[in-house]
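Worksheet: the structure to be examined is printed underneath.
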Amino acid sequence: MAEPTTRAYRSPRRALQAAQTRTAVLRAARELFAEKGWAATGMRDVARAAQVSVETIYGTLGGKVGLLTAALDGAVVGDDEPVPLAERPLFRALGEGDLAARAAAGAALITDIHVRTIGLHLALREGAGSEPALAELRTTQEQGRRGSTADGLRLVLGRPVDDREVDLFWAQTCPEVYELLVHRSGWSVEQYQQWVLTLITELENGS
C-alpha cells in the first residue's frame, strides 16, 4: 500500500513577510550603495537600515555581491518583481504611437533608468576593480544593456537597425556619459532627456 503523499504547507502570511523583508533590504541596499559606494557599505549597515539581522540578508539574498546584483536588477526596471525589462509595459510602449511619441518614450525610459541606477553603477564600477564577481557582473550588465538598446531602437524606429547604429547609441547613452553630463557638468535631468531625444531623432532621419 502506497504511503500518502505529503504536501509542503506554504503560509501566505509568511510569504508576505518574506517579500516585505526582501523589499526593505533592497531599499536599504540601494540607498547605501548609492550614497557610500561599494567598499564603505557593509552588510551590517544594510541590516541596520533595513531593521533585520545580517543572517536574514544572507539567507534572503546571499552575500554582498548578490545584494548589489539584486539591487541593481530591481533598480533597472523600477521594482523587484521578476519581470524582464522587455516584458514591461513601458518597454512595449516604445513600439506604440507615431514616431514622435515612440522617440519621446524611448528618451524618457533611458533617462528614468539612469536616474534610478547611476549610484549603483558607480558602486559596481568601484567594486569591479577588486572583486572578480563584480567585474563579471559589470560585463553582463553592459551586454544586457546593449541587447535592450537594440530591441528598443527597433521598436522606436519601426525598422531594422544595424550594428553601427546600436553601438553608437549604446555608447552615447551609457551610465558613464549620464554621470559626466548630469553629475559633473551640471546638466539637468530634463536637458539630458532632451539630448537623448535628439540622438533618436537623428537616427530617425538617417543622420
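By convention here, the chains of the C-alpha cells are called A, B, ... in the order presented, each chain's residues are numbered starting at 1, and ligands are numbered starting at 1 in the order presented.
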Quick one: residues within 10 Å of region 15-21 of chain A, only C-alpha atoms counted, chain neighbours fewer than 5 positions away excluded, as a PyMOL selection string? chain A and resi 10+26-27+50-52+56-57+60+80
Write a file of the just-selected residues containing C-alpha atoms, as a PDB file, in the first residue's frame.
```
ATOM      1  CA  ARG A  10       3.059  27.426   2.412  1.00  0.00           C
ATOM      2  CA  LEU A  26      16.882  46.023  -1.208  1.00  0.00           C
ATOM      3  CA  ARG A  27      15.633  49.529  -0.491  1.00  0.00           C
ATOM      4  CA  ALA A  50      16.503  47.511   6.962  1.00  0.00           C
ATOM      5  CA  GLN A  51      15.998  46.545  10.624  1.00  0.00           C
ATOM      6  CA  VAL A  52      16.848  42.898  10.045  1.00  0.00           C
ATOM      7  CA  THR A  56      18.491  37.293   7.311  1.00  0.00           C
ATOM      8  CA  ILE A  57      20.171  39.118   4.422  1.00  0.00           C
ATOM      9  CA  THR A  60      17.410  36.015   1.569  1.00  0.00           C
ATOM     10  CA  ASP A  80      11.571  43.902  -7.509  1.00  0.00           C
TER      11      ASP A  80
END
```
Residue among A:Ser188, A:Gln193, A:Thr201, A:Thr69 lying closest to Ala123 (chain A), counting only C-alpha atoms: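 Using only C-alpha atoms, the shortest distance to Ala123 (chain A) belongs to A:Thr69.
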What's the separation between CA of Val182 (chain A) and CA of Glu35 (chain A), in Å to one decimal place? 16.4 Å
With only C-alpha atoms as the counted atoms, please give the residues lying no more than 10 Å from Ala150 (chain A), apart from itself and same-chain residues fewer than 6 positions off, as JSON, numbers by chain. {"A": [144, 160, 161, 162, 163, 165, 166, 167, 169, 170]}
If DSSP is run on the backbone, what residues of region 25-152 of chain A are alpha helix (DSSP H)? A reply as a PyMOL selection string would be ideal. chain A and resi 25-36+43-50+54-61+64-77+89-92+99-128+132-152
Give me, as a PyMOL selection string, all polymer residues having an atom no more than 12 Å from Thr41 (chain A), counting only C-alpha atoms and skipping those fewer than 2 positions away in the same chain. chain A and resi 28-39+43-49+64-65+67-68+120+123-124+126-127
May I have the residues within 12 Å of Arg145 (chain A) as a PyMOL selection string, using only C-alpha atoms and disregarding those fewer than 5 positions away in the same chain? chain A and resi 73+76-77+85-86+110+113-114+138-140+150-153+166-167+169-171+173-175
Restricting the calculation to only C-alpha atoms: of A:Glu204, A:Glu190, A:Glu176, A:Leu61, which residue gets closest to Gly119 (chain A)? A:Glu176
I need the residue nearest Ala108 (chain A) from this list: A:Leu155, A:Leu134, A:Phe91, A:Glu179. Use only C-alpha atoms for the distance.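 Nearest to Ala108 (chain A): A:Phe91.
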One decimal place gives the CA of Gly106 (chain A)-CA of Asp79 (chain A) separation as 18.9 Å
Just to confirm, what's the straight-line distance from CA of Ala70 (chain A) to CA of Thr149 (chain A) in Å (one decimal)?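 Atom-to-atom, CA of Ala70 (chain A) and CA of Thr149 (chain A) are spaced 21.0 Å apart.
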